[in-house]
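J.: So I've got this file, protein-v4.json, and it contains JSON, C-alpha atoms:
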```json
[["chain", "number", "residue", "atom", "x", "y", "z"],
["A", 18, "MET", "CA", 109.51, 77.38, 107.87],
["A", 19, "CYS", "CA", 106.19, 77.08, 106.10],
["A", 20, "SER", "CA", 104.07, 73.99, 106.78],
["A", 21, "VAL", "CA", 102.59, 73.06, 103.42],
["A", 22, "ILE", "CA", 99.42, 71.03, 103.74],
["A", 23, "ARG", "CA", 99.80, 69.12, 100.48],
["A", 24, "ARG", "CA", 103.15, 68.23, 99.00],
["A", 25, "VAL", "CA", 104.22, 70.41, 96.06],
["A", 26, "LYS", "CA", 105.27, 68.47, 92.98],
["A", 27, "PRO", "CA", 108.96, 68.82, 91.91],
["A", 28, "VAL", "CA", 107.95, 70.48, 88.64],
["A", 29, "GLN", "CA", 105.86, 73.08, 90.48],
["A", 30, "LEU", "CA", 108.73, 73.72, 92.88],
["A", 31, "ALA", "CA", 111.16, 74.24, 89.99],
["A", 32, "GLN", "CA", 108.75, 76.66, 88.33],
["A", 33, "ALA", "CA", 108.38, 78.57, 91.58],
["A", 34, "VAL", "CA", 112.15, 78.88, 92.03],
["A", 35, "THR", "CA", 112.54, 80.03, 88.42],
["A", 36, "LEU", "CA", 109.84, 82.68, 88.82],
["A", 37, "ARG", "CA", 111.28, 83.98, 92.05],
["A", 38, "LEU", "CA", 114.80, 84.23, 90.58],
["A", 39, "ARG", "CA", 113.42, 85.98, 87.53],
["A", 40, "ALA", "CA", 111.41, 88.37, 89.70],
["A", 41, "ASN", "CA", 114.53, 89.21, 91.72],
["A", 42, "THR", "CA", 116.58, 90.03, 88.61],
["A", 43, "GLU", "CA", 113.89, 91.63, 86.46],
["A", 44, "GLY", "CA", 111.62, 93.05, 89.16],
["A", 45, "SER", "CA", 111.48, 96.65, 87.99],
["A", 46, "ALA", "CA", 108.18, 98.47, 88.16],
["A", 47, "ASP", "CA", 108.05, 98.64, 84.37],
["A", 48, "ASN", "CA", 108.14, 94.87, 84.12],
["A", 49, "ARG", "CA", 105.23, 94.43, 86.54],
["A", 50, "ARG", "CA", 102.53, 95.14, 84.08],
["A", 51, "PHE", "CA", 99.41, 93.39, 85.24],
["A", 52, "ARG", "CA", 99.80, 93.04, 89.01],
["A", 53, "PRO", "CA", 102.34, 94.22, 91.55],
["A", 54, "GLY", "CA", 105.06, 91.58, 91.83],
["A", 55, "ILE", "CA", 104.58, 90.03, 88.36],
["A", 56, "SER", "CA", 107.14, 90.45, 85.62],
["A", 57, "ALA", "CA", 105.96, 91.10, 82.08],
["A", 58, "GLY", "CA", 105.19, 87.98, 80.11],
["A", 59, "ILE", "CA", 105.10, 85.73, 83.16],
["A", 60, "CYS", "CA", 101.83, 84.18, 84.29],
["A", 61, "PRO", "CA", 101.17, 84.64, 88.03],
["A", 62, "LEU", "CA", 102.32, 81.74, 90.16],
["A", 63, "ARG", "CA", 99.22, 80.17, 91.67],
["A", 64, "ALA", "CA", 99.95, 78.23, 94.82],
["A", 65, "THR", "CA", 97.48, 75.49, 93.96],
["A", 66, "SER", "CA", 98.55, 73.26, 96.84],
["A", 67, "ARG", "CA", 98.98, 75.86, 99.57],
["A", 68, "SER", "CA", 96.32, 76.15, 102.25],
["A", 69, "TYR", "CA", 98.20, 77.96, 104.96],
["A", 70, "CYS", "CA", 101.64, 78.74, 106.27],
["A", 71, "SER", "CA", 102.47, 78.25, 109.93],
["A", 72, "ARG", "CA", 105.28, 80.49, 111.14],
["A", 73, "MET", "CA", 106.88, 80.92, 114.50],
["A", 74, "ALA", "CA", 105.80, 84.27, 115.89],
["A", 75, "LEU", "CA", 108.64, 86.48, 117.09],
["A", 76, "THR", "CA", 106.59, 87.65, 120.07],
["A", 77, "GLU", "CA", 106.41, 85.35, 123.08],
["A", 78, "GLY", "CA", 102.94, 84.00, 123.74],
["A", 79, "LEU", "CA", 101.64, 84.91, 120.28],
["A", 80, "LEU", "CA", 100.05, 82.33, 118.00],
["A", 81, "PHE", "CA", 100.26, 83.29, 114.32],
["A", 82, "ARG", "CA", 98.90, 81.72, 111.15],
["A", 83, "GLN", "CA", 99.16, 83.01, 107.60],
["A", 84, "LEU", "CA", 96.38, 81.65, 105.39],
["A", 85, "PHE", "CA", 95.94, 81.88, 101.63],
["A", 86, "GLU", "CA", 92.93, 82.24, 99.31],
["A", 87, "LEU", "CA", 93.70, 81.00, 95.84],
["A", 88, "GLU", "CA", 91.41, 82.92, 93.48],
["A", 89, "SER", "CA", 92.33, 86.45, 94.63],
["A", 90, "SER", "CA", 95.77, 85.53, 96.03],
["A", 91, "THR", "CA", 94.71, 87.04, 99.35],
["A", 92, "TYR", "CA", 96.45, 86.42, 102.65],
["A", 93, "THR", "CA", 94.34, 86.14, 105.79],
["A", 94, "TYR", "CA", 96.11, 86.39, 109.14],
["A", 95, "LEU", "CA", 95.08, 84.78, 112.42],
["A", 96, "LEU", "CA", 96.71, 86.04, 115.61],
["A", 97, "ALA", "CA", 95.94, 84.87, 119.13],
["A", 98, "ASP", "CA", 97.15, 85.06, 122.71],
["A", 99, "THR", "CA", 98.32, 81.54, 123.58],
["A", 100, "GLU", "CA", 97.27, 81.96, 127.22],
["A", 101, "THR", "CA", 93.86, 83.68, 127.04],
["A", 102, "LYS", "CA", 93.00, 82.25, 123.59],
["A", 103, "GLU", "CA", 91.61, 85.62, 122.47],
["A", 104, "ALA", "CA", 92.16, 86.07, 118.74],
["A", 105, "ILE", "CA", 91.79, 88.47, 115.83],
["A", 106, "LEU", "CA", 91.50, 87.78, 112.10],
["A", 107, "ILE", "CA", 92.80, 90.11, 109.39],
["A", 108, "ASP", "CA", 91.33, 90.27, 105.85],
["A", 109, "PRO", "CA", 89.15, 87.11, 105.86],
["A", 110, "VAL", "CA", 87.69, 85.98, 102.51],
["A", 111, "LEU", "CA", 84.15, 84.72, 101.94],
["A", 112, "GLU", "CA", 85.22, 81.60, 100.00],
["A", 113, "THR", "CA", 87.42, 80.38, 102.87],
["A", 114, "ILE", "CA", 85.11, 81.05, 105.81],
["A", 115, "ASP", "CA", 84.62, 77.34, 106.59],
["A", 116, "ARG", "CA", 88.38, 76.72, 106.59],
["A", 117, "ASP", "CA", 89.00, 79.68, 108.87],
["A", 118, "LEU", "CA", 86.27, 78.80, 111.34],
["A", 119, "LYS", "CA", 87.43, 75.19, 111.43],
["A", 120, "LEU", "CA", 90.96, 76.26, 112.31],
["A", 121, "ILE", "CA", 89.72, 78.67, 114.97],
["A", 122, "HIS", "CA", 87.62, 75.86, 116.50],
["A", 123, "GLU", "CA", 90.46, 73.34, 116.34],
["A", 124, "LEU", "CA", 92.82, 75.72, 118.14],
["A", 125, "GLY", "CA", 90.20, 76.51, 120.77],
["A", 126, "LEU", "CA", 90.31, 80.25, 120.08],
["A", 127, "ASN", "CA", 87.84, 82.98, 120.99],
["A", 128, "LEU", "CA", 87.73, 85.25, 117.96],
["A", 129, "LYS", "CA", 87.09, 88.81, 119.16],
["A", 130, "VAL", "CA", 87.58, 91.00, 116.07],
["A", 131, "ALA", "CA", 87.66, 90.46, 112.30],
["A", 132, "VAL", "CA", 89.35, 93.45, 110.70],
["A", 133, "ASN", "CA", 89.77, 94.48, 107.06],
["A", 134, "THR", "CA", 92.78, 96.57, 106.08],
["A", 135, "HIS", "CA", 90.59, 98.37, 103.51],
["A", 136, "CYS", "CA", 87.48, 97.93, 101.36],
["A", 137, "HIS", "CA", 88.71, 95.26, 98.96],
["A", 138, "ALA", "CA", 87.89, 95.27, 95.24],
["A", 139, "ASP", "CA", 89.00, 91.76, 94.27],
["A", 140, "HIS", "CA", 87.12, 89.61, 96.80],
["A", 141, "ILE", "CA", 84.24, 89.73, 99.25],
["A", 142, "THR", "CA", 85.06, 89.76, 102.94],
["A", 143, "SER", "CA", 83.63, 87.06, 105.18],
["A", 144, "THR", "CA", 83.32, 89.30, 108.25],
["A", 145, "GLY", "CA", 79.56, 89.86, 107.94],
["A", 146, "LEU", "CA", 78.72, 86.17, 107.54],
["A", 147, "MET", "CA", 81.25, 85.20, 110.20],
["A", 148, "LYS", "CA", 79.47, 87.48, 112.69],
["A", 149, "LYS", "CA", 76.31, 85.46, 112.12],
["A", 150, "ARG", "CA", 78.18, 82.26, 113.00],
["A", 151, "LEU", "CA", 80.29, 83.45, 115.93],
["A", 152, "VAL", "CA", 78.48, 85.08, 118.85],
["A", 153, "GLY", "CA", 80.19, 88.23, 120.06],
["A", 154, "LEU", "CA", 82.44, 88.71, 117.03],
["A", 155, "ARG", "CA", 82.93, 92.35, 116.03],
["A", 156, "SER", "CA", 83.97, 93.73, 112.65],
["A", 157, "ALA", "CA", 86.46, 96.57, 112.14],
["A", 158, "ILE", "CA", 87.61, 98.79, 109.28],
["A", 159, "SER", "CA", 88.92, 102.34, 108.82],
["A", 160, "LYS", "CA", 86.48, 105.17, 109.47],
["A", 161, "PHE", "CA", 87.52, 106.59, 106.09],
["A", 162, "SER", "CA", 86.51, 103.43, 104.18],
["A", 163, "GLY", "CA", 82.84, 104.35, 103.95],
["A", 164, "ALA", "CA", 82.02, 100.78, 105.00],
["A", 165, "SER", "CA", 79.76, 99.47, 107.77],
["A", 166, "ALA", "CA", 81.44, 97.90, 110.79],
["A", 167, "ASP", "CA", 81.13, 97.61, 114.55],
["A", 168, "ILE", "CA", 84.44, 99.40, 115.04],
["A", 169, "HIS", "CA", 85.65, 102.29, 112.88],
["A", 170, "LEU", "CA", 89.40, 102.60, 113.19],
["A", 171, "SER", "CA", 91.51, 105.76, 113.43],
["A", 172, "GLU", "CA", 95.23, 106.53, 113.61],
["A", 173, "GLY", "CA", 96.74, 105.19, 116.84],
["A", 174, "ASP", "CA", 93.82, 102.93, 117.80],
["A", 175, "LYS", "CA", 94.76, 99.62, 119.39],
["A", 176, "ILE", "CA", 93.10, 96.29, 118.59],
["A", 177, "THR", "CA", 93.67, 94.15, 121.66],
["A", 178, "PHE", "CA", 93.56, 90.38, 122.09],
["A", 179, "GLY", "CA", 94.69, 89.05, 125.44],
["A", 180, "ARG", "CA", 98.07, 90.54, 126.34],
["A", 181, "HIS", "CA", 98.76, 91.60, 122.76],
["A", 182, "TYR", "CA", 97.61, 94.38, 120.47],
["A", 183, "LEU", "CA", 97.97, 95.83, 116.99],
["A", 184, "THR", "CA", 98.27, 99.57, 116.47],
["A", 185, "VAL", "CA", 96.50, 101.25, 113.56],
["A", 186, "ARG", "CA", 98.51, 103.37, 111.13],
["A", 187, "GLU", "CA", 96.48, 105.10, 108.44],
["A", 188, "THR", "CA", 97.99, 104.53, 104.98],
["A", 189, "PRO", "CA", 95.72, 106.12, 102.34],
["A", 190, "GLY", "CA", 96.67, 106.05, 98.69],
["A", 191, "HIS", "CA", 95.42, 102.73, 97.37],
["A", 192, "THR", "CA", 92.07, 103.71, 98.91],
["A", 193, "ASP", "CA", 91.18, 106.43, 101.41],
["A", 194, "GLY", "CA", 90.45, 103.78, 104.03],
["A", 195, "CYS", "CA", 93.69, 101.78, 104.00],
["A", 196, "VAL", "CA", 95.42, 100.96, 107.28],
["A", 197, "ALA", "CA", 98.53, 99.09, 108.33],
["A", 198, "LEU", "CA", 98.34, 97.11, 111.57],
["A", 199, "VAL", "CA", 101.57, 97.00, 113.58],
["A", 200, "SER", "CA", 102.28, 94.63, 116.46],
["A", 201, "GLY", "CA", 103.00, 96.15, 119.86],
["A", 202, "ASP", "CA", 106.71, 95.30, 119.70],
["A", 203, "GLN", "CA", 106.92, 96.43, 116.04],
["A", 204, "SER", "CA", 108.11, 92.99, 114.94],
["A", 205, "MET", "CA", 105.27, 92.59, 112.41],
["A", 206, "ALA", "CA", 103.32, 94.93, 110.14],
["A", 207, "PHE", "CA", 100.21, 93.87, 108.25],
["A", 208, "THR", "CA", 100.32, 96.33, 105.38],
["A", 209, "GLY", "CA", 97.20, 95.48, 103.37],
["A", 210, "ASP", "CA", 97.53, 96.68, 99.77],
["A", 211, "ALA", "CA", 99.57, 99.78, 100.59],
["A", 212, "LEU", "CA", 102.87, 97.90, 100.60],
["A", 213, "LEU", "CA", 103.30, 94.54, 98.87],
["A", 214, "ILE", "CA", 106.44, 92.43, 98.55],
["A", 215, "ARG", "CA", 108.52, 94.32, 95.98],
["A", 216, "GLY", "CA", 105.41, 96.20, 94.91],
["A", 217, "CYS", "CA", 102.45, 98.27, 96.09],
["A", 218, "GLY", "CA", 98.73, 98.61, 95.58],
["A", 219, "ARG", "CA", 97.39, 100.30, 92.45],
["A", 220, "THR", "CA", 96.09, 103.86, 92.59],
["A", 221, "ASP", "CA", 93.78, 104.13, 89.58],
["A", 222, "PHE", "CA", 90.38, 103.56, 91.23],
["A", 223, "GLN", "CA", 88.57, 103.72, 94.61],
["A", 224, "GLN", "CA", 90.00, 107.12, 95.66],
["A", 225, "GLY", "CA", 93.48, 106.01, 94.60],
["A", 226, "CYS", "CA", 96.21, 108.65, 94.74],
["A", 227, "PRO", "CA", 99.89, 107.88, 94.05],
["A", 228, "GLU", "CA", 101.11, 110.95, 95.93],
["A", 229, "LYS", "CA", 99.21, 109.88, 99.05],
["A", 230, "LEU", "CA", 100.40, 106.29, 98.76],
["A", 231, "TYR", "CA", 104.05, 107.32, 98.46],
["A", 232, "GLU", "CA", 103.81, 109.51, 101.56],
["A", 233, "SER", "CA", 101.88, 106.84, 103.48],
["A", 234, "VAL", "CA", 104.44, 104.12, 102.90],
["A", 235, "HIS", "CA", 107.44, 106.33, 103.56],
["A", 236, "GLN", "CA", 105.99, 107.97, 106.67],
["A", 237, "LYS", "CA", 103.97, 105.15, 108.24],
["A", 238, "ILE", "CA", 105.72, 101.91, 107.20],
["A", 239, "PHE", "CA", 109.30, 102.72, 106.20],
["A", 240, "THR", "CA", 109.76, 104.40, 109.59],
["A", 241, "LEU", "CA", 109.41, 101.03, 111.32],
["A", 242, "PRO", "CA", 112.54, 99.04, 112.30],
["A", 243, "ASP", "CA", 114.46, 97.36, 109.47],
["A", 244, "GLN", "CA", 113.78, 93.90, 110.90],
["A", 245, "CYS", "CA", 110.01, 94.41, 111.15],
["A", 246, "LEU", "CA", 108.34, 91.69, 109.11],
["A", 247, "VAL", "CA", 106.01, 92.86, 106.33],
["A", 248, "TYR", "CA", 102.89, 90.79, 105.76],
["A", 249, "PRO", "CA", 100.85, 92.08, 102.78],
["A", 250, "ALA", "CA", 97.25, 91.39, 101.82],
["A", 251, "HIS", "CA", 98.29, 89.76, 98.54],
["A", 252, "ASP", "CA", 101.15, 88.11, 96.73],
["A", 253, "TYR", "CA", 101.09, 86.59, 93.25],
["A", 254, "LEU", "CA", 104.48, 84.83, 93.23],
["A", 255, "GLY", "CA", 104.21, 82.63, 96.30],
["A", 256, "GLN", "CA", 106.23, 84.99, 98.51],
["A", 257, "THR", "CA", 104.99, 85.02, 102.10],
["A", 258, "ALA", "CA", 106.79, 87.87, 103.85],
["A", 259, "SER", "CA", 109.41, 90.57, 103.57],
["A", 260, "THR", "CA", 110.95, 93.11, 105.96],
["A", 261, "VAL", "CA", 110.79, 96.87, 106.15],
["A", 262, "GLY", "CA", 114.53, 97.02, 105.54],
["A", 263, "GLU", "CA", 114.26, 94.89, 102.40],
["A", 264, "GLU", "CA", 111.41, 96.93, 100.94],
["A", 265, "ARG", "CA", 113.09, 100.22, 101.74],
["A", 266, "LYS", "CA", 116.15, 98.97, 99.84],
["A", 267, "PHE", "CA", 114.77, 96.79, 97.05],
["A", 268, "ASN", "CA", 111.17, 97.79, 96.29],
["A", 269, "PRO", "CA", 111.37, 98.75, 92.59],
["A", 270, "ARG", "CA", 108.67, 101.42, 92.85],
["A", 271, "LEU", "CA", 109.05, 102.89, 96.32],
["A", 272, "THR", "CA", 112.82, 103.34, 96.10],
["A", 273, "LYS", "CA", 112.19, 105.90, 93.35],
["A", 274, "SER", "CA", 111.69, 109.60, 93.93],
["A", 275, "ARG", "CA", 108.15, 110.81, 94.58],
["A", 276, "GLU", "CA", 107.89, 112.21, 91.06],
["A", 277, "GLU", "CA", 109.15, 108.99, 89.44],
["A", 278, "PHE", "CA", 106.76, 106.92, 91.55],
["A", 279, "VAL", "CA", 103.78, 109.03, 90.52],
["A", 280, "LYS", "CA", 104.73, 108.68, 86.85],
["A", 281, "ILE", "CA", 105.03, 104.89, 87.18],
["A", 282, "MET", "CA", 101.68, 104.55, 88.93],
["A", 283, "ASN", "CA", 99.88, 106.78, 86.44],
["A", 284, "ASN", "CA", 101.07, 104.65, 83.52],
["A", 285, "LEU", "CA", 100.43, 101.06, 84.69],
["A", 286, "ASN", "CA", 97.31, 100.67, 82.51],
["A", 287, "LEU", "CA", 96.04, 97.71, 84.51],
["A", 288, "PRO", "CA", 92.72, 95.94, 83.85],
["A", 289, "LYS", "CA", 90.17, 96.29, 86.62],
["A", 290, "PRO", "CA", 89.76, 93.41, 89.08],
["A", 291, "ASN", "CA", 87.25, 90.85, 87.80],
["A", 292, "LYS", "CA", 85.04, 91.09, 90.87],
["A", 293, "ILE", "CA", 85.13, 94.84, 91.48],
["A", 294, "GLY", "CA", 81.47, 95.25, 90.50],
["A", 295, "ILE", "CA", 80.26, 92.90, 93.22],
["A", 296, "SER", "CA", 83.09, 93.08, 95.77],
["A", 297, "VAL", "CA", 83.05, 96.78, 96.55],
["A", 298, "PRO", "CA", 79.26, 97.10, 97.08],
["A", 299, "ALA", "CA", 79.26, 93.97, 99.25],
["A", 300, "ASN", "CA", 82.29, 95.03, 101.28],
["A", 301, "LEU", "CA", 80.72, 98.39, 102.00],
["A", 302, "VAL", "CA", 78.15, 96.44, 104.04],
["A", 303, "CYS", "CA", 80.60, 94.04, 105.72],
["A", 304, "GLY", "CA", 80.29, 91.44, 102.96],
["A", 305, "VAL", "CA", 76.53, 90.91, 103.36],
["A", 306, "HIS", "CA", 73.57, 93.16, 102.72],
["A", 307, "GLU", "CA", 72.18, 92.65, 106.21],
["A", 308, "VAL", "CA", 74.84, 93.01, 108.88]]
```
The structure in this file should be written as structure tokens.
T.:
Amino acid sequence: MCSVIRRVKPVQLAQAVTLRLRANTEGSADNRRFRPGISAGICPLRATSRSYCSRMALTEGLLFRQLFELESSTYTYLLADTETKEAILIDPVLETIDRDLKLIHELGLNLKVAVNTHCHADHITSTGLMKKRLVGLRSAISKFSGASADIHLSEGDKITFGRHYLTVRETPGHTDGCVALVSGDQSMAFTGDALLIRGCGRTDFQQGCPEKLYESVHQKIFTLPDQCLVYPAHDYLGQTASTVGEERKFNPRLTKSREEFVKIMNNLNLPKPNKIGISVPANLVCGVHEV
């Protein structure tokens, strides 16, 4: 169950239930006009009271926190070994750096690596600034991202923290430098923007290619076990997780043929992210201009 920091008002809860039911019944790709996961004519559900979700990790000895950034609807993930206290952080956001560092301090963790699943266009990463505030912290991103980092990731690389690790699976298509990070027991997959809950990342900028994205998801993510939990980089309807089995069966875009998927993606006509002009240049240098 999710631990909500501030109580959600009954009206907000009713609206959330209505939106989720509507998304389940009308969630075709054609209806998701502005962002993956949003039906046409429906404003995105903004979780104004949600700070983070605390879930039980399926893996013994693994601490797991799912955190949320409101403006870009970005999920940040904190994973740690409960015995050694070594930790990693996935897709941290500049605006929430104080919250993230406070939680890491409160839990007594030793953050080893801050990793980005790709070079984001809708927010600035906090990895560069976080390195200035945490001695020994290293940044990581795909070697195909074109971005600066201490660690450039390739297919099959392992990001270790204590007794645990995440394995890198390259998933180009949204950008050339997208990766999914899969837990050692394949119980969790952090899919970035390649695979969202009942959606996927757009392919109309930043080296986007619908053909590549389709192959990436089907070959690198849909080959995982059905029960593997899917944790995306974003969600706009308040959904926190899915499974590989669910997405393979219900994803309104990726259940289509390759040709149908390409046609859908080439005709989304989405506006560009508001912060793309500042986010991409900053994220190419780890979120700061002096790393």
J.: With all atoms listed in the file counted, which protein, DNA or RNA residues have an atom no more than 9 Å from (104.0, 90.4, 100.6) in the file frame? Please answer as a count of residues only.
T.: 21
J.: Nearest residue to A:Thr220 out of A:Val196, A:Ile168, A:Ile281, A:Val185, using all atoms listed in the file?
T.: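 Nearest to A:Thr220: A:Ile281.
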J.: Using all atoms listed in the file for the distances, tell me which of A:Leu301, A:Leu151, A:Ala138, A:Val261 is nearest to A:Lys289.
T.: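 Closest to A:Lys289 of all the choices is A:Ala138.
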J.: Can you tell me, as a list in words, what residues are no more than 12 Å from A:Gly173 when counting only C-alpha atoms, ignoring any on the same chain fewer than 5 positions away?
T.: Ser159, Tyr182, Leu183, Thr184, Val185, Arg186, Glu187, Thr188, Val196, Ala197, Leu198, Val199, Ser200, Gly201 and Lys237 of chain A
J.: If I take atom CA of A:Phe161 and atom CA of A:Ile107, how far is one from the other in Å, to one decimal?
T.: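 Going from atom CA of A:Phe161 over to atom CA of A:Ile107, I get 17.6 Å.
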J.: Quick one, how far is atom CA of A:Thr144 from atom CA of A:Glu103?
T.: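 Atom CA of A:Glu103 lies at a distance of 16.9 Å from atom CA of A:Thr144.
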J.: Can you work out the spacing between atom CA of A:Glu112 and atom CA of A:Gly304 in Å, to one decimal?
T.: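 Computing it gives 11.4 Å between the two atoms.
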J.: With all atoms listed in the file as the atoms that count, which of A:Pro242, A:Pro298, A:Gly194, A:Pro288 lies nearest to A:Ala206?
T.: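 Going through A:Pro242, A:Pro298, A:Gly194, A:Pro288 one by one, the smallest distance to A:Ala206 is for A:Pro242.
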J.: Counting only C-alpha atoms, find the residues whose atoms lie at most 9 Å from (84.8, 94.6, 98.3) (file coordinates) and write them out as a list in words.
T.: His135, Cys136, His137, Ala138, Asp139, His140, Ile141, Thr142, Lys292, Ile293, Gly294, Ile295, Ser296, Val297, Pro298, Ala299, Asn300, Leu301, Val302, Cys303 and Gly304 of chain A
J.: For A:Cys217, which residue among A:Thr272, A:Ser171, A:Ser165, A:Thr240 is the nearest when counting all atoms listed in the file?
T.: A:Thr272
J.: Go through A:Ser233, A:Asn284, A:Asn268, A:Thr134 and flag the residue nearest A:Asp210, using all atoms listed in the file for the distances.
T.: A:Thr134
J.: Output as a tab-separated table (two decimals), keeping the file's coordinate frame: stretch 154-172 of chain A, completed with N, CA, C and O atoms.
T.:
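Wrote out35.tsv, looks like this:
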```tsv
chain	number	residue	atom	x	y	z
A	154	LEU	N	81.42	88.22	117.96
A	154	LEU	CA	82.44	88.71	117.03
A	154	LEU	C	82.10	90.11	116.56
A	154	LEU	O	80.95	90.41	116.24
A	155	ARG	N	83.11	90.98	116.49
A	155	ARG	CA	82.93	92.35	116.03
A	155	ARG	C	83.78	92.59	114.79
A	155	ARG	O	84.89	92.05	114.66
A	156	SER	N	83.25	93.39	113.87
A	156	SER	CA	83.97	93.73	112.65
A	156	SER	C	84.65	95.08	112.79
A	156	SER	O	84.18	95.93	113.57
A	157	ALA	N	85.74	95.30	112.05
A	157	ALA	CA	86.46	96.57	112.14
A	157	ALA	C	87.03	96.95	110.79
A	157	ALA	O	87.46	96.09	110.01
A	158	ILE	N	87.04	98.25	110.51
A	158	ILE	CA	87.61	98.79	109.28
A	158	ILE	C	87.84	100.29	109.50
A	158	ILE	O	87.28	100.88	110.44
A	159	SER	N	88.63	100.91	108.67
A	159	SER	CA	88.92	102.34	108.82
A	159	SER	C	87.65	103.18	108.73
A	159	SER	O	86.74	102.91	107.95
A	160	LYS	N	87.62	104.25	109.50
A	160	LYS	CA	86.48	105.17	109.47
A	160	LYS	C	86.40	105.91	108.14
A	160	LYS	O	85.36	106.46	107.78
A	161	PHE	N	87.50	105.91	107.38
A	161	PHE	CA	87.52	106.59	106.09
A	161	PHE	C	87.16	105.67	104.93
A	161	PHE	O	87.18	106.08	103.76
A	162	SER	N	86.83	104.40	105.24
A	162	SER	CA	86.51	103.43	104.18
A	162	SER	C	85.13	103.63	103.60
A	162	SER	O	84.84	103.18	102.48
A	163	GLY	N	84.23	104.23	104.37
A	163	GLY	CA	82.84	104.35	103.95
A	163	GLY	C	82.04	103.08	104.17
A	163	GLY	O	80.88	102.98	103.75
A	164	ALA	N	82.65	102.09	104.83
A	164	ALA	CA	82.02	100.78	105.00
A	164	ALA	C	81.42	100.64	106.39
A	164	ALA	O	81.86	101.26	107.36
A	165	SER	N	80.39	99.78	106.48
A	165	SER	CA	79.76	99.47	107.77
A	165	SER	C	80.67	98.55	108.58
A	165	SER	O	81.32	97.66	108.03
A	166	ALA	N	80.69	98.77	109.89
A	166	ALA	CA	81.44	97.90	110.79
A	166	ALA	C	81.07	98.25	112.22
A	166	ALA	O	80.54	99.33	112.49
A	167	ASP	N	81.37	97.35	113.13
A	167	ASP	CA	81.13	97.61	114.55
A	167	ASP	C	82.14	98.60	115.10
A	167	ASP	O	81.84	99.37	116.01
A	168	ILE	N	83.36	98.54	114.57
A	168	ILE	CA	84.44	99.40	115.04
A	168	ILE	C	85.01	100.16	113.83
A	168	ILE	O	85.41	99.54	112.84
A	169	HIS	N	85.03	101.48	113.92
A	169	HIS	CA	85.65	102.29	112.88
A	169	HIS	C	86.99	102.79	113.40
A	169	HIS	O	87.05	103.50	114.41
A	170	LEU	N	88.04	102.40	112.71
A	170	LEU	CA	89.40	102.60	113.19
A	170	LEU	C	89.97	103.95	112.79
A	170	LEU	O	89.71	104.45	111.69
A	171	SER	N	90.81	104.51	113.68
A	171	SER	CA	91.51	105.76	113.43
A	171	SER	C	92.99	105.59	113.78
A	171	SER	O	93.38	104.62	114.45
A	172	GLU	N	93.80	106.53	113.33
A	172	GLU	CA	95.23	106.53	113.61
A	172	GLU	C	95.48	106.37	115.11
A	172	GLU	O	94.90	107.08	115.94
```
